[in-house]
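Visitor: Quick one, work.json (JSON, C-alpha atoms):
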```
[["chain", "number", "residue", "atom", "x", "y", "z"],
["A", 213, "MET", "CA", -3.26, 21.06, -7.53],
["A", 214, "SER", "CA", -1.56, 21.80, -4.22],
["A", 215, "LYS", "CA", 1.84, 20.34, -3.43],
["A", 216, "LEU", "CA", 1.63, 16.66, -2.61],
["A", 217, "LYS", "CA", 3.62, 15.58, 0.41],
["A", 218, "THR", "CA", 5.71, 12.64, -0.74],
["A", 219, "ALA", "CA", 7.49, 10.03, 1.36],
["A", 220, "ALA", "CA", 9.90, 7.42, 0.01],
["A", 221, "LEU", "CA", 10.02, 4.05, 1.75],
["A", 222, "ILE", "CA", 12.80, 1.54, 1.10],
["A", 223, "PRO", "CA", 11.89, -1.96, 2.31],
["A", 224, "ALA", "CA", 14.90, -3.98, 3.43],
["A", 225, "ARG", "CA", 15.35, -7.35, 5.08],
["A", 226, "TYR", "CA", 18.43, -9.32, 6.01],
["A", 227, "ALA", "CA", 17.26, -12.84, 5.19],
["A", 228, "SER", "CA", 17.37, -12.77, 1.40],
["A", 229, "THR", "CA", 17.16, -16.34, 0.06],
["A", 230, "ARG", "CA", 19.67, -15.96, -2.77],
["A", 231, "PHE", "CA", 21.93, -13.43, -1.06],
["A", 232, "PRO", "CA", 21.62, -13.28, 2.74],
["A", 233, "GLY", "CA", 22.58, -9.89, 4.14],
["A", 234, "LYS", "CA", 22.63, -8.21, 0.74],
["A", 235, "ALA", "CA", 21.20, -4.95, 2.11],
["A", 236, "LEU", "CA", 24.49, -4.48, 3.96],
["A", 237, "ALA", "CA", 26.74, -5.70, 1.13],
["A", 238, "LYS", "CA", 29.45, -3.16, 0.36],
["A", 239, "ILE", "CA", 29.46, -1.46, -3.03],
["A", 240, "LYS", "CA", 32.54, 0.68, -3.51],
["A", 241, "GLY", "CA", 32.96, 0.64, 0.26],
["A", 242, "LYS", "CA", 29.39, 1.72, 1.09],
["A", 243, "ALA", "CA", 26.51, -0.49, 2.26],
["A", 244, "MET", "CA", 23.99, -0.99, -0.54],
["A", 245, "ILE", "CA", 21.02, 0.18, 1.54],
["A", 246, "VAL", "CA", 22.87, 3.40, 2.39],
["A", 247, "ARG", "CA", 23.73, 3.95, -1.27],
["A", 248, "VAL", "CA", 20.05, 3.60, -2.21],
["A", 249, "TYR", "CA", 18.95, 5.90, 0.63],
["A", 250, "GLN", "CA", 21.36, 8.64, -0.39],
["A", 251, "ALA", "CA", 20.32, 8.42, -4.04],
["A", 252, "VAL", "CA", 16.66, 8.86, -3.07],
["A", 253, "GLU", "CA", 17.48, 11.90, -0.92],
["A", 254, "LYS", "CA", 18.71, 13.69, -4.04],
["A", 255, "CYS", "CA", 15.22, 13.71, -5.58],
["A", 256, "GLU", "CA", 13.66, 17.14, -5.02],
["A", 257, "MET", "CA", 10.14, 15.70, -5.27],
["A", 258, "ILE", "CA", 10.69, 13.58, -2.14],
["A", 259, "ASP", "CA", 10.00, 15.23, 1.22],
["A", 260, "GLN", "CA", 11.04, 12.42, 3.55],
["A", 261, "VAL", "CA", 12.92, 9.12, 3.24],
["A", 262, "TYR", "CA", 12.76, 6.05, 5.47],
["A", 263, "VAL", "CA", 14.11, 2.52, 5.39],
["A", 264, "ALA", "CA", 11.44, 0.03, 6.50],
["A", 265, "THR", "CA", 13.06, -3.03, 8.06],
["A", 266, "ASP", "CA", 12.71, -5.65, 10.78],
["A", 267, "ASP", "CA", 16.45, -6.04, 11.29],
["A", 268, "LEU", "CA", 18.47, -4.14, 13.88],
["A", 269, "ARG", "CA", 21.70, -4.57, 11.89],
["A", 270, "ILE", "CA", 20.16, -2.70, 8.96],
["A", 271, "LYS", "CA", 18.67, -0.09, 11.30],
["A", 272, "ASN", "CA", 22.06, 0.60, 12.90],
["A", 273, "VAL", "CA", 23.90, 0.96, 9.59],
["A", 274, "VAL", "CA", 21.28, 3.34, 8.15],
["A", 275, "GLU", "CA", 21.08, 5.49, 11.27],
["A", 276, "THR", "CA", 24.88, 5.65, 11.56],
["A", 277, "ALA", "CA", 24.90, 7.08, 8.02],
["A", 278, "GLY", "CA", 22.35, 9.71, 9.06],
["A", 279, "GLY", "CA", 19.25, 8.00, 7.69],
["A", 280, "LYS", "CA", 15.81, 7.39, 9.21],
["A", 281, "VAL", "CA", 14.32, 3.97, 9.90],
["A", 282, "ILE", "CA", 10.84, 2.63, 10.65],
["A", 283, "MET", "CA", 10.89, -0.78, 12.31],
["A", 284, "THR", "CA", 8.30, -3.23, 10.97],
["A", 285, "SER", "CA", 7.08, -6.75, 11.64],
["A", 286, "ALA", "CA", 9.26, -9.74, 10.76],
["A", 287, "ARG", "CA", 6.20, -11.63, 9.51],
["A", 288, "HIS", "CA", 5.70, -9.76, 6.24],
["A", 289, "GLN", "CA", 5.68, -11.87, 3.09],
["A", 290, "SER", "CA", 6.38, -8.99, 0.69],
["A", 291, "GLY", "CA", 7.94, -5.56, 0.46],
["A", 292, "THR", "CA", 4.51, -4.05, -0.21],
["A", 293, "ASP", "CA", 3.18, -5.36, 3.10],
["A", 294, "ARG", "CA", 6.24, -3.94, 4.85],
["A", 295, "ILE", "CA", 5.90, -0.44, 3.39],
["A", 296, "ALA", "CA", 2.14, -0.44, 4.05],
["A", 297, "GLU", "CA", 2.84, -0.95, 7.75],
["A", 298, "ALA", "CA", 5.41, 1.86, 7.67],
["A", 299, "ALA", "CA", 3.11, 4.14, 5.64],
["A", 300, "ALA", "CA", 0.42, 3.84, 8.28],
["A", 301, "GLU", "CA", 2.78, 5.58, 10.73],
["A", 302, "ILE", "CA", 3.58, 8.66, 8.66],
["A", 303, "GLU", "CA", 1.71, 11.59, 7.13],
["A", 304, "ALA", "CA", 2.00, 11.78, 3.36],
["A", 305, "ASP", "CA", -0.14, 12.05, 0.24],
["A", 306, "LEU", "CA", 2.12, 9.83, -1.88],
["A", 307, "ILE", "CA", 4.27, 6.85, -0.96],
["A", 308, "VAL", "CA", 7.18, 5.89, -3.19],
["A", 309, "ASN", "CA", 8.30, 2.27, -2.87],
["A", 310, "ILE", "CA", 11.95, 1.99, -3.88],
["A", 311, "GLN", "CA", 13.66, -1.39, -3.83],
["A", 312, "GLY", "CA", 16.60, -1.62, -1.47],
["A", 313, "ASP", "CA", 18.55, -3.72, -4.00],
["A", 314, "GLU", "CA", 18.57, -1.05, -6.76],
["A", 315, "PRO", "CA", 21.79, 0.85, -5.95],
["A", 316, "LEU", "CA", 21.87, 2.55, -9.35],
["A", 317, "ILE", "CA", 18.52, 4.31, -8.92],
["A", 318, "LYS", "CA", 18.66, 7.99, -9.87],
["A", 319, "ALA", "CA", 16.69, 11.00, -8.69],
["A", 320, "GLU", "CA", 15.48, 11.65, -12.24],
["A", 321, "SER", "CA", 13.83, 8.23, -12.46],
["A", 322, "ILE", "CA", 12.03, 8.73, -9.16],
["A", 323, "ALA", "CA", 10.78, 12.15, -10.25],
["A", 324, "ARG", "CA", 9.58, 10.64, -13.54],
["A", 325, "ALA", "CA", 7.27, 8.25, -11.67],
["A", 326, "VAL", "CA", 6.00, 10.89, -9.22],
["A", 327, "GLU", "CA", 5.28, 13.63, -11.77],
["A", 328, "PRO", "CA", 1.97, 12.24, -13.20],
["A", 329, "PHE", "CA", 0.32, 12.60, -9.79],
["A", 330, "THR", "CA", 0.67, 16.38, -10.08],
["A", 331, "LYS", "CA", -1.61, 16.28, -13.15],
["A", 332, "GLU", "CA", -3.95, 13.31, -12.61],
["A", 333, "ASP", "CA", -5.90, 13.59, -9.38],
["A", 334, "GLN", "CA", -7.55, 10.18, -9.88],
["A", 335, "LEU", "CA", -4.30, 8.30, -10.42],
["A", 336, "LYS", "CA", -3.72, 5.59, -7.79],
["A", 337, "MET", "CA", -0.42, 4.01, -8.79],
["A", 338, "SER", "CA", 2.52, 4.47, -11.17],
["A", 339, "THR", "CA", 5.72, 2.67, -12.11],
["A", 340, "LEU", "CA", 8.52, 2.66, -14.72],
["A", 341, "LYS", "CA", 9.66, 0.75, -17.80],
["A", 342, "ARG", "CA", 12.66, 0.76, -20.13],
["A", 343, "GLU", "CA", 13.15, -0.69, -23.59],
["A", 344, "ILE", "CA", 15.19, -3.91, -23.76],
["A", 345, "SER", "CA", 16.41, -6.33, -26.43],
["A", 346, "ALA", "CA", 14.72, -9.59, -27.42],
["A", 347, "ASP", "CA", 17.55, -11.50, -25.72],
["A", 348, "GLU", "CA", 16.94, -9.63, -22.46],
["A", 349, "ALA", "CA", 13.21, -10.22, -22.77],
["A", 350, "ALA", "CA", 13.82, -13.99, -22.76],
["A", 351, "ASN", "CA", 15.22, -13.77, -19.22],
["A", 352, "PRO", "CA", 12.46, -14.66, -16.69],
["A", 353, "ASP", "CA", 14.28, -12.69, -13.99],
["A", 354, "LEU", "CA", 13.44, -9.52, -15.93],
["A", 355, "VAL", "CA", 9.76, -8.69, -15.64],
["A", 356, "LYS", "CA", 8.18, -7.40, -18.82],
["A", 357, "VAL", "CA", 5.26, -5.00, -19.23],
["A", 358, "ILE", "CA", 2.92, -3.99, -22.05],
["A", 359, "THR", "CA", 0.84, -0.83, -21.97],
["A", 360, "ASP", "CA", -2.12, 0.73, -23.77],
["A", 361, "LYS", "CA", -1.98, 3.88, -25.89],
["A", 362, "ASP", "CA", -2.33, 6.06, -22.80],
["A", 363, "ASP", "CA", 0.60, 4.38, -21.01],
["A", 364, "TYR", "CA", -1.47, 2.35, -18.57],
["A", 365, "ALA", "CA", -0.36, -1.22, -17.88],
["A", 366, "VAL", "CA", -2.17, -3.99, -19.71],
["A", 367, "TYR", "CA", -0.14, -6.85, -18.27],
["A", 368, "PHE", "CA", 3.12, -7.76, -16.53],
["A", 369, "SER", "CA", 4.85, -11.10, -17.13],
["A", 370, "ARG", "CA", 8.06, -13.02, -16.70],
["A", 371, "SER", "CA", 7.52, -14.32, -20.24],
["A", 372, "PRO", "CA", 8.43, -12.21, -23.29],
["A", 373, "ILE", "CA", 5.38, -10.08, -24.08],
["A", 374, "PRO", "CA", 3.95, -9.34, -26.54],
["A", 375, "PHE", "CA", 4.25, -12.62, -28.44],
["A", 376, "TYR", "CA", 5.22, -11.83, -32.02],
["A", 377, "ARG", "CA", 3.34, -14.47, -34.01],
["A", 378, "ASN", "CA", 4.92, -13.45, -37.29],
["A", 379, "ALA", "CA", 8.68, -13.84, -37.02],
["A", 380, "GLY", "CA", 9.14, -11.36, -39.85],
["A", 381, "VAL", "CA", 7.74, -8.40, -37.94],
["A", 382, "ASP", "CA", 10.26, -5.64, -38.56],
["A", 383, "GLU", "CA", 9.94, -3.86, -35.23],
["A", 384, "GLN", "CA", 9.88, -6.09, -32.17],
["A", 385, "ILE", "CA", 9.80, -3.97, -29.04],
["A", 386, "TYR", "CA", 9.99, -5.20, -25.45],
["A", 387, "TYR", "CA", 9.92, -3.28, -22.20],
["A", 388, "GLN", "CA", 11.34, -4.28, -18.85],
["A", 389, "HIS", "CA", 9.31, -3.29, -15.83],
["A", 390, "ILE", "CA", 11.38, -1.39, -13.26],
["A", 391, "GLY", "CA", 10.11, -2.16, -9.79],
["A", 392, "LEU", "CA", 9.71, 1.36, -8.45],
["A", 393, "TYR", "CA", 6.15, 2.25, -7.45],
["A", 394, "VAL", "CA", 4.34, 5.40, -6.44],
["A", 395, "TYR", "CA", 1.00, 5.07, -4.64],
["A", 396, "ARG", "CA", -1.51, 7.39, -3.13],
["A", 397, "ARG", "CA", -1.15, 6.53, 0.53],
["A", 398, "ASP", "CA", -4.81, 5.62, 1.04],
["A", 399, "PHE", "CA", -4.72, 3.31, -1.97],
["A", 400, "LEU", "CA", -1.56, 1.58, -0.74],
["A", 401, "LEU", "CA", -3.21, 0.77, 2.58],
["A", 402, "GLN", "CA", -6.25, -0.57, 0.70],
["A", 403, "TYR", "CA", -4.10, -2.52, -1.76],
["A", 404, "ALA", "CA", -2.13, -4.25, 1.00],
["A", 405, "GLU", "CA", -5.39, -5.58, 2.46],
["A", 406, "MET", "CA", -6.54, -7.17, -0.81],
["A", 407, "GLU", "CA", -6.39, -10.95, -1.17],
["A", 408, "GLN", "CA", -3.73, -12.40, -3.45],
["A", 409, "THR", "CA", -5.10, -12.97, -6.94],
["A", 410, "PHE", "CA", -4.81, -15.84, -9.41],
["A", 411, "LEU", "CA", -2.44, -14.16, -11.88],
["A", 412, "GLU", "CA", -0.39, -12.63, -9.09],
["A", 413, "LYS", "CA", 0.28, -16.10, -7.72],
["A", 414, "ALA", "CA", 0.82, -17.60, -11.18],
["A", 415, "GLU", "CA", 3.50, -15.06, -12.18],
["A", 416, "SER", "CA", 4.67, -14.27, -8.63],
["A", 417, "LEU", "CA", 4.16, -10.57, -9.39],
["A", 418, "GLU", "CA", 2.37, -8.45, -6.79],
["A", 419, "GLN", "CA", 1.43, -5.64, -9.17],
["A", 420, "LEU", "CA", -0.98, -7.95, -10.99],
["A", 421, "ARG", "CA", -3.21, -7.79, -7.89],
["A", 422, "ALA", "CA", -3.99, -4.16, -8.73],
["A", 423, "LEU", "CA", -4.84, -4.95, -12.36],
["A", 424, "GLU", "CA", -6.99, -7.96, -11.43],
["A", 425, "ASN", "CA", -8.97, -5.75, -9.06],
["A", 426, "GLY", "CA", -9.65, -3.22, -11.80],
["A", 427, "PHE", "CA", -7.16, -0.49, -10.87],
["A", 428, "LYS", "CA", -5.01, 1.30, -13.42],
["A", 429, "ILE", "CA", -1.22, 1.59, -13.20],
["A", 430, "LYS", "CA", 0.48, 4.41, -15.11],
["A", 431, "VAL", "CA", 3.78, 3.27, -16.65],
["A", 432, "LEU", "CA", 6.39, 5.91, -17.49],
["A", 433, "GLU", "CA", 9.31, 5.20, -19.78],
["A", 434, "THR", "CA", 12.88, 5.86, -18.67],
["A", 435, "ASP", "CA", 16.23, 5.19, -20.29],
["A", 436, "ALA", "CA", 17.93, 4.63, -16.94],
["A", 437, "ARG", "CA", 20.09, 1.52, -16.79],
["A", 438, "LEU", "CA", 19.48, -0.26, -13.50],
["A", 439, "ILE", "CA", 21.10, -3.43, -12.22],
["A", 440, "GLY", "CA", 19.19, -5.06, -9.40],
["A", 441, "VAL", "CA", 21.33, -7.02, -6.96],
["A", 442, "ASP", "CA", 19.94, -10.55, -6.67],
["A", 443, "ARG", "CA", 23.18, -12.48, -6.26],
["A", 444, "ARG", "CA", 26.69, -11.75, -4.99],
["A", 445, "GLU", "CA", 28.09, -11.64, -8.52],
["A", 446, "ASP", "CA", 25.79, -8.70, -9.32],
["A", 447, "ILE", "CA", 27.90, -6.48, -7.05],
["A", 448, "GLU", "CA", 30.75, -6.51, -9.56],
["A", 449, "LEU", "CA", 28.38, -5.50, -12.38],
["A", 450, "VAL", "CA", 27.07, -2.58, -10.33],
["A", 451, "GLU", "CA", 30.57, -1.39, -9.44],
["A", 452, "LYS", "CA", 31.58, -1.45, -13.11],
["A", 453, "GLU", "CA", 28.51, 0.60, -14.02],
["A", 454, "ILE", "CA", 29.34, 3.13, -11.30],
["A", 455, "GLU", "CA", 32.87, 3.46, -12.69],
["A", 456, "THR", "CA", 31.47, 4.00, -16.19],
["A", 457, "ARG", "CA", 29.07, 6.68, -14.98],
["A", 458, "ASN", "CA", 31.82, 8.46, -13.06],
["A", 459, "LYS", "CA", 34.02, 8.58, -16.17],
["A", 460, "ILE", "CA", 31.16, 10.04, -18.23],
["A", 461, "GLU", "CA", 30.27, 12.65, -15.59],
["A", 462, "ASN", "CA", 33.88, 13.68, -15.09]]
```
The structure in this file should be written as structure tokens.
Guide:
Amino acid sequence: MSKLKTAALIPARYASTRFPGKALAKIKGKAMIVRVYQAVEKCEMIDQVYVATDDLRIKNVVETAGGKVIMTSARHQSGTDRIAEAAAEIEADLIVNIQGDEPLIKAESIARAVEPFTKEDQLKMSTLKREISADEAANPDLVKVITDKDDYAVYFSRSPIPFYRNAGVDEQIYYQHIGLYVYRRDFLLQYAEMEQTFLEKAESLEQLRALENGFKIKVLETDARLIGVDRREDIELVEKEIETRNKIEN
């Protein structure tokens, strides 16, 4: 297959319910959205990177740091809708949707999700997972995923899945879904136009819309430890993880 032109889009808004302005929150002295942008730039499989936002404050901070921004509507209800609008303005074969509140994202994880598209020309969408403990699986803020034998998603849920009926099962394995997505551009534009589905609304998980419409999602395993920033107190956890990584690398 010929080289696929790949664009990364980072949706960002200012009006986060639980943490207003979190995109601009400082982590070790650097705005979170800038930290994410610079991490994505390190991935050799990405040809172009943009922040997709409706907020001029975010635009100014990203551009001051040397980044590129696509301004989008303020009416979007989801990050997927926002990146679909931005994707319509650029030329690319693949669109990578990277959450703006994942400051620990690494180039290797992004490449892991992109790589299957170089081998599977019918693949529409991919994402990531990592193994977690039973205690972590009980947390509804962590989305879980189960896959078939070929690593395609069967279901995503906020509940612990699978349900182990026999408590004595020796090996109980759970996987957290990591919210990084790769789409073929044409499929993303189609996907954003689909109506919300029953399970999507029940779980409040957009990716279920693809499954309910009969599309497959490839799920690649990674051992990357990510800490999404949902609340102010998460900043301290991220900074501690950065310090730990720096000590290991040095």
Visitor: Provide the CA of Lys341 (chain A) to CA of Ile358 (chain A) distance in Å, to one decimal place.
Guide: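 CA of Ile358 (chain A) lies 9.3 Å from CA of Lys341 (chain A).
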Visitor: List every protein, DNA or RNA residue with an atom no more than 10 Å from (-5.1, -12.2, -15.8) in the file's coordinates, counting all atoms listed in the file, and format the result as JSON, numbers by chain.
Guide: {"A": [366, 367, 368, 409, 410, 411, 412, 414, 415, 420, 421, 423, 424]}
Visitor: Keeping only C-alpha atoms, write the selected residues as a PDB file, in the coordinates of the input.
Guide:
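Result file follows (again06.pdb):
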```
ATOM      1  CA  VAL A 366      -2.170  -3.990 -19.710  1.00  0.00           C
ATOM      2  CA  TYR A 367      -0.140  -6.850 -18.270  1.00  0.00           C
ATOM      3  CA  PHE A 368       3.120  -7.760 -16.530  1.00  0.00           C
ATOM      4  CA  THR A 409      -5.100 -12.970  -6.940  1.00  0.00           C
ATOM      5  CA  PHE A 410      -4.810 -15.840  -9.410  1.00  0.00           C
ATOM      6  CA  LEU A 411      -2.440 -14.160 -11.880  1.00  0.00           C
ATOM      7  CA  GLU A 412      -0.390 -12.630  -9.090  1.00  0.00           C
ATOM      8  CA  ALA A 414       0.820 -17.600 -11.180  1.00  0.00           C
ATOM      9  CA  GLU A 415       3.500 -15.060 -12.180  1.00  0.00           C
ATOM     10  CA  LEU A 420      -0.980  -7.950 -10.990  1.00  0.00           C
ATOM     11  CA  ARG A 421      -3.210  -7.790  -7.890  1.00  0.00           C
ATOM     12  CA  LEU A 423      -4.840  -4.950 -12.360  1.00  0.00           C
ATOM     13  CA  GLU A 424      -6.990  -7.960 -11.430  1.00  0.00           C
TER      14      GLU A 424
END
```
Visitor: To one decimal place, how far is CA of Val281 (chain A) from CA of Val263 (chain A) in Å?
Guide: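 The value is 4.7 Å.
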Visitor: Which is closer to Lys238 (chain A) than all the others in A:Val450, A:Val355, A:Leu432, A:Ala219, using only C-alpha atoms?
Guide: A:Val450
Visitor: For Leu306 (chain A), which residue out of A:Phe399, A:Tyr262, A:Tyr387, A:Tyr249 is the nearest one, using all atoms listed in the file?
Guide: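 Once distances to Leu306 (chain A) are computed over all atoms listed in the file, the minimum belongs to A:Phe399.
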Visitor: Considering only C-alpha atoms, state which residue in the set A:Glu451, A:Asp362, A:Asp398, A:Asp313 is at the smallest distance from Lys428 (chain A).
Guide: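 That would be A:Asp362, the residue with the smallest distance to Lys428 (chain A).
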Visitor: Could you check which of A:Met283, A:Leu401, A:Val394, A:Ala436 is closest to Ile310 (chain A), using only C-alpha atoms?
Guide: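 Residue with the minimum atom-to-atom distance to Ile310 (chain A): A:Val394.
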Visitor: Any idea what the distance is between CA of Pro223 (chain A) and CA of Leu236 (chain A)?
Guide: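 A separation of 13.0 Å between them.
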Visitor: Find the residues around Leu221 (chain A) up to 9 Å (all atoms listed in the file counted), leave out those fewer than 6 positions away in its own chain, and share them as a VMD selection string.
Guide: chain A and resid 260 to 264 295 298 to 299 307 to 311
Visitor: With 8 Å of padding per side, what axis-aligned box (centre and edge lengths, Å, one decimal) covers all the listed atoms of region 355-374 of chain A? Give it as AutoDock Vina command-line options.
Guide:
```
--center_x 3.7 --center_y -4.1 --center_z -21.1 --size_x 28.1 --size_y 36.4 --size_z 26.9
```
Visitor: Give the answer as one residue: which of A:Ala243, A:Lys234, A:Glu405, A:Glu418 has the shortest atom-to-atom distance to Val273 (chain A), using only C-alpha atoms?
Guide: A:Ala243
Visitor: Excluding region 330-332 of chain A and residues on its chain fewer than 4 positions from it, collect all residues at most 12 Å away from it, counting only C-alpha atoms, and give them as a CSV table (one decimal) with C-alpha atoms, keeping the file's coordinate frame.
Guide:
```csv
chain,number,residue,atom,x,y,z
A,213,MET,CA,-3.3,21.1,-7.5
A,214,SER,CA,-1.6,21.8,-4.2
A,215,LYS,CA,1.8,20.3,-3.4
A,216,LEU,CA,1.6,16.7,-2.6
A,217,LYS,CA,3.6,15.6,0.4
A,218,THR,CA,5.7,12.6,-0.7
A,257,MET,CA,10.1,15.7,-5.3
A,305,ASP,CA,-0.1,12.0,0.2
A,306,LEU,CA,2.1,9.8,-1.9
A,323,ALA,CA,10.8,12.2,-10.2
A,324,ARG,CA,9.6,10.6,-13.5
A,325,ALA,CA,7.3,8.2,-11.7
A,326,VAL,CA,6.0,10.9,-9.2
A,336,LYS,CA,-3.7,5.6,-7.8
A,337,MET,CA,-0.4,4.0,-8.8
A,338,SER,CA,2.5,4.5,-11.2
A,396,ARG,CA,-1.5,7.4,-3.1
A,430,LYS,CA,0.5,4.4,-15.1
```
Visitor: Could you check the closest approach to Asp446 (chain A) for each of A:Asp333, A:Asp266, A:Glu407, A:Glu314 and tell me which residue wins, using all atoms listed in the file?
Guide: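 Smallest distance to Asp446 (chain A) is found for A:Glu314.
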Visitor: Skip Asp442 (chain A) itself and residues of its chain fewer than 4 positions away, then list as a list in words all residues within 12 Å of it, counting only C-alpha atoms.
Guide: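 In the requested format, the answer is Ser228, Thr229, Arg230, Phe231, Pro232, Gly233, Lys234, Ala235, Ala237, Gln311, Gly312, Asp313, Glu314, Pro315, Asp353, Leu354, Asp446, Ile447, Glu448, Leu449 and Val450 of chain A.
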